[in-house]
Structures are given as C-alpha cells and as structure tokens.
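> Take a look at this one; I'll ask things after.
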Amino acid sequence: VPPIRVALDTTPLLQTRAGTARYVRGLLDHLDVELDAVAYPATSRARTLAADAIWYPRLAPTGVDLLHCPTFRGPFRSSTPLVVTVHDVAVLRHPEWFNRWTRTYSRLAVPKVVAAARRLIAVSEFTKAELVAILGVDPDKVSVVPNAVEPIFTPEGPVAEGDYVLAVGTLEPRKNLARIAAAVDGELRVVGASGWGGVQPPSNVTWLGEVSDGELASLYRGARCLVYASLYEGFGIPVAEALACGCPVVTSQGSAMAEIARGDAVYVDPADVTSIREGIARAVRPSARTFPGWSEIARQTRAVYEEVLS
C-alpha cells in the first residue's frame with residue numbers, strides 16, 4: 001500500500017505555545033504518514049490578516065493525497081480532500097470575547113471552511129454537539145479524537161513549593177480570571193501568555209507567564225488545586241494534565257471538562273464566585289489518571305485520513 005501523503009498546516013506553531021500548537025506538534029512527531037508541512041509566517045498583526053484574508057482561502061497544496069488544517073482556518077473550497085480539526089466554536093457562540101477582526105472574519109470563514117471539509121475532527125463530544133447545533137453539520141461528518149497529554153505529566157517528579165491555587169490559560173475573557181481570583185483566599189499562581197480583551201492579572205495573582213512543561217508539572221503537583229472555571233472550552237488540556245499529575249481539579253459544570261474529568265473533579269458554576277470558592281474548599285486529591293499519548297491520537301487521526309481516502 002503506498003504511503004498516505006498529507007499536507008499539514010503548521011502555522012499555529014509560529015503563533016502560540018497553547019493548545020493548538022501542542023496539537024500540531026503532537027501530530028508532527030507521531031503521524032505515520034508522509035508529511036508536507038505548509039505554513040504562512042503569520043507572526044505579526046499584518047501577516048495574520050494576510051494569512052486569513054488571502055493565504056488560507058486559497059490554500060491548495062499540490063502533490064498530496066489530503067490536506068489537514070488543525071484549526072478552522074483553511075480553504076473555502078478544496079479540490080484536495082480536506083480534514084479540519086475544530087477545537088471549539090467559542091468565536092461563534094461568544095463573538096464578544098474576541099477582537100473585531102477575529103469575530104468578523106470567523107463569521108464569514110468558519111461556515112465556508114467547515115462546508116469545504118470532507119471530514120471534521122472534533123476534540124470532544126461537546127465540540128461535536130456544538131458543530132451540529134450552531135452550524136447544522138451532519139453528525140456523521142464529525143469524528144471525535146481527543147487531545148493527548150504529554151508523558152512528563154505524572155505524579156512522580158519535582159513539586160513546586162508554597163501554598164497556592166493554580167490557574168492555567170491564556171489571559172483572555174473566557175478564562176474567567178477575575179472571578180477565579182476573587183474566589184481564592186491566598187495566593188493564585190497563573191500560567192499562561194498575555195492574551196486579549198484587556199485581561200490583566202488581579203492583585204492576589206502571581207502571574208508566571210509561559211513556563212516549560214517540566215515547571216508546569218511541578219506546579220500541578222504542588223498546588224492545592226487547579227481551578228479551571230472557564231466560561232467556555234472545547235476540551236481543556238490543563239484539566240487532563242492536572243489529573244495526570246494527581247492534582248485536585250475544580251472546573252466548570254455543563255462543559256467539555258466533564259468528559260475529561262468525569263468523577264475526578266469538583267464542578268462549579270463559573271459565573272458565581274461563591275460557587276468557585278466552595279468548590280476550592282471541597283477539592284480533594286484524586287488518584288492520578290492516565291490519558292492517551294500522542295502516538296495513540298496520531299493513530300486515530302490516521303484512521304480518519306484512511307476513511308476519507310477510501
């Protein structure tokens with residue numbers, strides 16, 4: 001059988017170290033196919049606009065069997081079979097959380113890219129349901145393949161010192177940082193890049209910015225709990241990482257996080273500071289969980305490619 005040749009859009013690796021970059025890196029390192037990396041150097045505001053307005057709509061790599069776009073930025077029409085990964089549809093569900101360009105562009109582009117795709121990969125059943133509800137996607141067109149957890153996230157290893165609660169995520173409106181900070185008595189350590197929407201670290205926050213995976217794992221091990229009371233998520237990688245380290249988790253009810261954490265988290269109303277505060281008081285250390293690694297996620301992704309090409 002000749003190998004499958006896949007063009008993978010690696011642009012997110014130039015823009016972020018957050019969830020989408022982890023996803024692209026995991027696939028690059030583990031996919032058992034012939035990979036052609038395609039990317040646009042969208043490293044400034046002007047270049048990001050150029051990528052969105054000109055490069056993505058016409059993206060048409062040659063000499064490949066399939067094009068995989070790891071976010072819903074992709075071509076509006078594609079003669080090459082197109083697979084698109086959807087992490088969440090927050091920009092359609094809550095456009096007010098995003099800058100004007102992102103929400104205006106996404107309202108136009110996302111339905112076109114989703115329609116052009118031969119198959120969609122959703123990272124959770126929650127995101128699949130959102131695609132069906134908001135964009136009217138046929139459920140049979142969507143395969144659910146979750147994110148993986150890096151092997152460094154285990155209970156064994158260095159433990160960060162101090163008495164603190166941990167929050168992990170880019171500083172952006174939906175991460176709900178002001179309410180989380182108000183709910184924490186004592187120190188709140190926050191790991192994540194500066195984002196958008198004017199979100200600034202509140203006064204009781206020790207903002208650590210971006211840290212290495214090793215440092216993040218030690219922070220999970222040492223924390224009283226991880227509070228991941230996001231207002232909207234398609235997956236929630238920090239919840240899985242924390243559970244893999246045996247860190248207690250407080251997270252939002254009625255969201256994708258329940259799929260990941262199941263009975264191993266305390267669920268709270270993210271819009272209610274008192275609910276979050278009471279959740280922190282109830283958090284207990286779970287036994288560590290194991291999650292699929294990237295080799296397993298890459299295997300499931302290749303199976304999607306094979307279905308598309310069969």
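Here's how to read the names in the structure tokens: chain A, B, ... by the order shown, residue numbers from 1 in each chain, ligand numbers from 1 in the order shown.
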What residues in segment 163-288 of chain A get the DSSP label alpha helix (DSSP H)? Please answer as a PyMOL selection string.
chain A and resi 177-183+213-222+237-244+257-261+273-282
> Produce a table with one row for each residue of segment 117-151 of chain A that has an atom at most 12 Å from any atom of segment 215-228 of chain A, each row naming the nearest atom pair and its distance in Å at one decimal; use only C-alpha atoms; arrange rows by chain and rising residue number; format as JSON lines.

{"residue": "A:Val149", "atom": "CA", "partner": "A:Ala217", "partner_atom": "CA", "distance": 11.3}
{"residue": "A:Glu150", "atom": "CA", "partner": "A:Ala217", "partner_atom": "CA", "distance": 10.1}
{"residue": "A:Pro151", "atom": "CA", "partner": "A:Ala217", "partner_atom": "CA", "distance": 10.2}
> Using only C-alpha atoms for the distances, tell me which of A:Thr301, A:Cys247, A:Thr206, A:Asn176 is nearest to Ile276 of chain A.
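Looking at the shortest contact to Ile276 of chain A, the residue is A:Asn176.
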> Neighbours of Gly136 of chain A within 12 Å (only C-alpha atoms; same-chain residues fewer than 5 positions away dropped), as a ChimeraX atom specification?
/A:111,114-115,128-131,141-142
> Would you export the selected residues with all heavy atoms as a CSV table (one decimal), in the first residue's frame, please?

chain,number,residue,atom,x,y,z
A,111,PRO,N,-18.1,28.9,8.5
A,111,PRO,CA,-19.0,28.1,7.8
A,111,PRO,C,-18.5,27.6,6.4
A,111,PRO,O,-18.8,26.4,6.1
A,111,PRO,CB,-20.2,29.0,7.6
A,111,PRO,CG,-20.1,30.0,8.7
A,111,PRO,CD,-18.6,30.2,8.9
A,114,VAL,N,-15.8,24.8,7.1
A,114,VAL,CA,-16.5,23.6,7.6
A,114,VAL,C,-17.2,22.9,6.4
A,114,VAL,O,-17.2,21.6,6.3
A,114,VAL,CB,-17.4,23.9,8.8
A,114,VAL,CG1,-18.4,22.8,9.0
A,114,VAL,CG2,-16.6,24.2,10.0
A,115,ALA,N,-17.8,23.7,5.6
A,115,ALA,CA,-18.5,23.1,4.4
A,115,ALA,C,-17.6,22.4,3.4
A,115,ALA,O,-17.9,21.4,2.8
A,115,ALA,CB,-19.4,24.1,3.7
A,128,LYS,N,-18.3,18.5,19.1
A,128,LYS,CA,-19.1,17.9,18.0
A,128,LYS,C,-20.6,18.3,18.1
A,128,LYS,O,-21.2,18.8,17.1
A,128,LYS,CB,-19.1,16.3,18.1
A,128,LYS,CG,-20.0,15.6,17.1
A,128,LYS,CD,-19.8,14.1,17.1
A,128,LYS,CE,-20.7,13.5,16.1
A,128,LYS,NZ,-20.4,12.0,16.0
A,129,ALA,N,-21.2,18.3,19.3
A,129,ALA,CA,-22.5,18.8,19.5
A,129,ALA,C,-22.7,20.2,19.2
A,129,ALA,O,-23.7,20.6,18.6
A,129,ALA,CB,-23.0,18.5,21.0
A,130,GLU,N,-21.7,21.0,19.5
A,130,GLU,CA,-21.7,22.5,19.1
A,130,GLU,C,-21.7,22.7,17.6
A,130,GLU,O,-22.4,23.6,17.1
A,130,GLU,CB,-20.6,23.2,19.8
A,130,GLU,CG,-20.7,23.4,21.3
A,130,GLU,CD,-21.7,24.5,21.7
A,130,GLU,OE1,-22.9,24.2,21.7
A,130,GLU,OE2,-21.3,25.6,21.9
A,131,LEU,N,-20.9,21.9,16.9
A,131,LEU,CA,-20.9,22.0,15.4
A,131,LEU,C,-22.2,21.7,14.8
A,131,LEU,O,-22.7,22.3,13.9
A,131,LEU,CB,-19.8,21.0,14.9
A,131,LEU,CG,-18.4,21.5,15.0
A,131,LEU,CD1,-17.4,20.3,14.7
A,131,LEU,CD2,-18.1,22.6,14.0
A,141,LYS,N,-20.4,13.5,9.7
A,141,LYS,CA,-19.2,14.1,9.1
A,141,LYS,C,-18.1,14.4,10.2
A,141,LYS,O,-17.0,14.8,9.8
A,141,LYS,CB,-19.7,15.4,8.4
A,141,LYS,CG,-18.6,16.1,7.7
A,141,LYS,CD,-19.1,17.3,6.9
A,141,LYS,CE,-18.0,18.2,6.4
A,141,LYS,NZ,-18.6,19.3,5.6
A,142,VAL,N,-18.5,14.2,11.5
A,142,VAL,CA,-17.6,14.6,12.6
A,142,VAL,C,-17.0,13.3,13.3
A,142,VAL,O,-17.8,12.5,13.8
A,142,VAL,CB,-18.3,15.5,13.6
A,142,VAL,CG1,-17.3,16.0,14.6
A,142,VAL,CG2,-19.0,16.6,12.9
> Go through segment 50-163 of chain A and flag each residue having an atom no more than 10 Å from segment 250-261 of chain A; for those, report the closest pair of atoms plus their distance in Å to one decimal, using only C-alpha atoms, ordered by chain and rising number, as a tab-separated table.

residue	atom	partner	partner_atom	distance
A:Asp88	CA	A:Ala256	CA	9.7
A:Val123	CA	A:Ala256	CA	9.4
A:Ser124	CA	A:Ala256	CA	6.7
A:Glu125	CA	A:Ala256	CA	7.5
A:Phe126	CA	A:Ala256	CA	5.3
A:Thr127	CA	A:Ala256	CA	7.5
A:Pro146	CA	A:Ile260	CA	9.3
> Output the selection as a PDB file, in the first residue's frame - C-alpha atoms for each residue.

ATOM      1  CA  ASP A  88     -14.139  24.795  19.869  1.00  0.00           C
ATOM      2  CA  VAL A 123     -11.630  17.216  20.137  1.00  0.00           C
ATOM      3  CA  SER A 124     -14.659  16.337  22.300  1.00  0.00           C
ATOM      4  CA  GLU A 125     -18.265  15.163  22.078  1.00  0.00           C
ATOM      5  CA  PHE A 126     -19.133  18.641  23.420  1.00  0.00           C
ATOM      6  CA  THR A 127     -17.487  20.338  20.408  1.00  0.00           C
ATOM      7  CA  PRO A 146      -9.357  13.965  21.862  1.00  0.00           C
TER       8      PRO A 146
END
> Check segment 96-274 of chain A with DSSP on the backbone and list each residue it calls strand (DSSP E or B), as a ChimeraX atom specification.
/A:119-122,142-144,164-168,171,187-191,194,205-209,226-228,249-252,266-268
> For N, CA, C and O atoms, I'd like the residues from the last selection saved as a compact mmCIF listing (two decimals), in the first residue's frame.

# COMPACT_ATOMS: atom_id res chain seq x y z
N ARG A 119 -14.12 15.83 6.03
CA ARG A 119 -14.34 15.28 7.37
C ARG A 119 -13.85 16.31 8.39
O ARG A 119 -12.84 16.96 8.19
N LEU A 120 -14.59 16.41 9.51
CA LEU A 120 -14.19 17.25 10.63
C LEU A 120 -13.75 16.36 11.78
O LEU A 120 -14.35 15.32 12.03
N ILE A 121 -12.69 16.77 12.46
CA ILE A 121 -12.27 16.14 13.71
C ILE A 121 -12.63 17.10 14.84
O ILE A 121 -12.17 18.25 14.83
N ALA A 122 -13.44 16.67 15.79
CA ALA A 122 -13.74 17.46 16.98
C ALA A 122 -12.96 16.86 18.14
O ALA A 122 -12.82 15.64 18.24
N VAL A 142 -18.46 14.16 11.47
CA VAL A 142 -17.57 14.56 12.56
C VAL A 142 -17.03 13.33 13.30
O VAL A 142 -17.80 12.52 13.81
N SER A 143 -15.71 13.20 13.35
CA SER A 143 -15.07 12.17 14.17
C SER A 143 -14.52 12.82 15.43
O SER A 143 -13.91 13.89 15.35
N VAL A 144 -14.72 12.20 16.58
CA VAL A 144 -14.19 12.74 17.83
C VAL A 144 -12.84 12.07 18.13
O VAL A 144 -12.77 10.86 18.29
N TYR A 164 -0.57 27.48 47.39
CA TYR A 164 -1.16 28.27 46.30
C TYR A 164 -2.22 27.45 45.57
O TYR A 164 -2.23 26.23 45.59
N VAL A 165 -3.11 28.19 44.92
CA VAL A 165 -4.05 27.63 43.97
C VAL A 165 -3.51 27.97 42.58
O VAL A 165 -2.90 29.03 42.38
N LEU A 166 -3.73 27.08 41.60
CA LEU A 166 -3.18 27.25 40.26
C LEU A 166 -4.29 27.47 39.24
O LEU A 166 -5.34 26.82 39.31
N ALA A 167 -4.05 28.39 38.31
CA ALA A 167 -4.90 28.53 37.13
C ALA A 167 -3.99 28.52 35.91
O ALA A 167 -2.88 29.07 35.95
N VAL A 168 -4.43 27.88 34.82
CA VAL A 168 -3.61 27.74 33.61
C VAL A 168 -4.45 28.17 32.41
O VAL A 168 -5.55 27.65 32.22
N LEU A 171 -4.38 34.73 29.04
CA LEU A 171 -5.17 35.80 29.65
C LEU A 171 -6.13 36.35 28.60
O LEU A 171 -5.79 37.19 27.77
N GLU A 187 -2.73 32.86 47.78
CA GLU A 187 -2.03 33.09 46.52
C GLU A 187 -2.65 32.29 45.38
O GLU A 187 -2.92 31.09 45.50
N LEU A 188 -2.86 32.96 44.25
CA LEU A 188 -3.25 32.31 43.00
C LEU A 188 -2.11 32.46 42.00
O LEU A 188 -1.71 33.59 41.67
N ARG A 189 -1.54 31.33 41.58
CA ARG A 189 -0.49 31.38 40.54
C ARG A 189 -1.15 31.11 39.19
O ARG A 189 -1.92 30.16 39.06
N VAL A 190 -0.82 31.94 38.21
CA VAL A 190 -1.41 31.82 36.88
C VAL A 190 -0.32 31.57 35.85
O VAL A 190 0.64 32.35 35.76
N VAL A 191 -0.46 30.49 35.09
CA VAL A 191 0.44 30.18 33.99
C VAL A 191 -0.30 30.44 32.69
O VAL A 191 -1.42 29.95 32.50
N SER A 194 0.09 36.36 27.78
CA SER A 194 -0.77 37.51 27.68
C SER A 194 -1.67 37.34 26.46
O SER A 194 -1.23 36.86 25.42
N VAL A 205 -2.72 37.72 42.38
CA VAL A 205 -2.22 36.77 41.38
C VAL A 205 -0.70 36.89 41.24
O VAL A 205 -0.17 37.99 41.10
N THR A 206 -0.02 35.75 41.24
CA THR A 206 1.37 35.68 40.82
C THR A 206 1.35 35.18 39.38
O THR A 206 1.10 34.00 39.13
N TRP A 207 1.55 36.10 38.44
CA TRP A 207 1.47 35.73 37.02
C TRP A 207 2.84 35.25 36.56
O TRP A 207 3.81 35.99 36.57
N LEU A 208 2.93 33.98 36.17
CA LEU A 208 4.20 33.36 35.80
C LEU A 208 4.47 33.40 34.29
O LEU A 208 5.55 33.02 33.85
N GLY A 209 3.47 33.83 33.50
CA GLY A 209 3.64 33.82 32.05
C GLY A 209 3.72 32.39 31.53
O GLY A 209 3.11 31.48 32.08
N LEU A 226 -6.08 22.85 40.94
CA LEU A 226 -6.18 23.63 39.71
C LEU A 226 -7.62 24.15 39.64
O LEU A 226 -8.56 23.36 39.76
N VAL A 227 -7.79 25.46 39.44
CA VAL A 227 -9.12 26.00 39.17
C VAL A 227 -9.19 26.34 37.69
O VAL A 227 -8.47 27.21 37.21
N TYR A 228 -10.02 25.61 36.98
CA TYR A 228 -10.19 25.81 35.54
C TYR A 228 -11.67 26.11 35.30
O TYR A 228 -12.39 25.31 34.70
N VAL A 249 -8.87 19.04 40.98
CA VAL A 249 -9.37 19.91 39.92
C VAL A 249 -10.74 20.48 40.29
O VAL A 249 -11.63 19.73 40.70
N VAL A 250 -10.88 21.79 40.12
CA VAL A 250 -12.16 22.48 40.25
C VAL A 250 -12.46 23.07 38.87
O VAL A 250 -11.65 23.83 38.33
N THR A 251 -13.60 22.69 38.27
CA THR A 251 -13.85 23.13 36.90
C THR A 251 -15.33 23.39 36.67
O THR A 251 -16.17 23.16 37.55
N SER A 252 -15.64 23.87 35.46
CA SER A 252 -16.99 24.36 35.16
C SER A 252 -17.96 23.22 34.86
O SER A 252 -17.63 22.31 34.10
N VAL A 266 -14.28 18.59 41.06
CA VAL A 266 -15.39 19.31 41.70
C VAL A 266 -15.93 20.28 40.66
O VAL A 266 -15.18 21.04 40.05
N TYR A 267 -17.26 20.23 40.42
CA TYR A 267 -17.87 21.06 39.39
C TYR A 267 -18.56 22.26 40.01
O TYR A 267 -19.28 22.13 41.00
N VAL A 268 -18.34 23.45 39.41
CA VAL A 268 -18.86 24.69 39.96
C VAL A 268 -19.54 25.51 38.86
O VAL A 268 -19.34 25.26 37.67
> Identify, on the basis of only C-alpha atoms, every residue whose closest approach to Pro286 of chain A does not exceed 8 Å; exclude the query and any residue fewer than 5 positions from it along the same chain; express the result as a PyMOL selection string.
chain A and resi 243+246-248+264
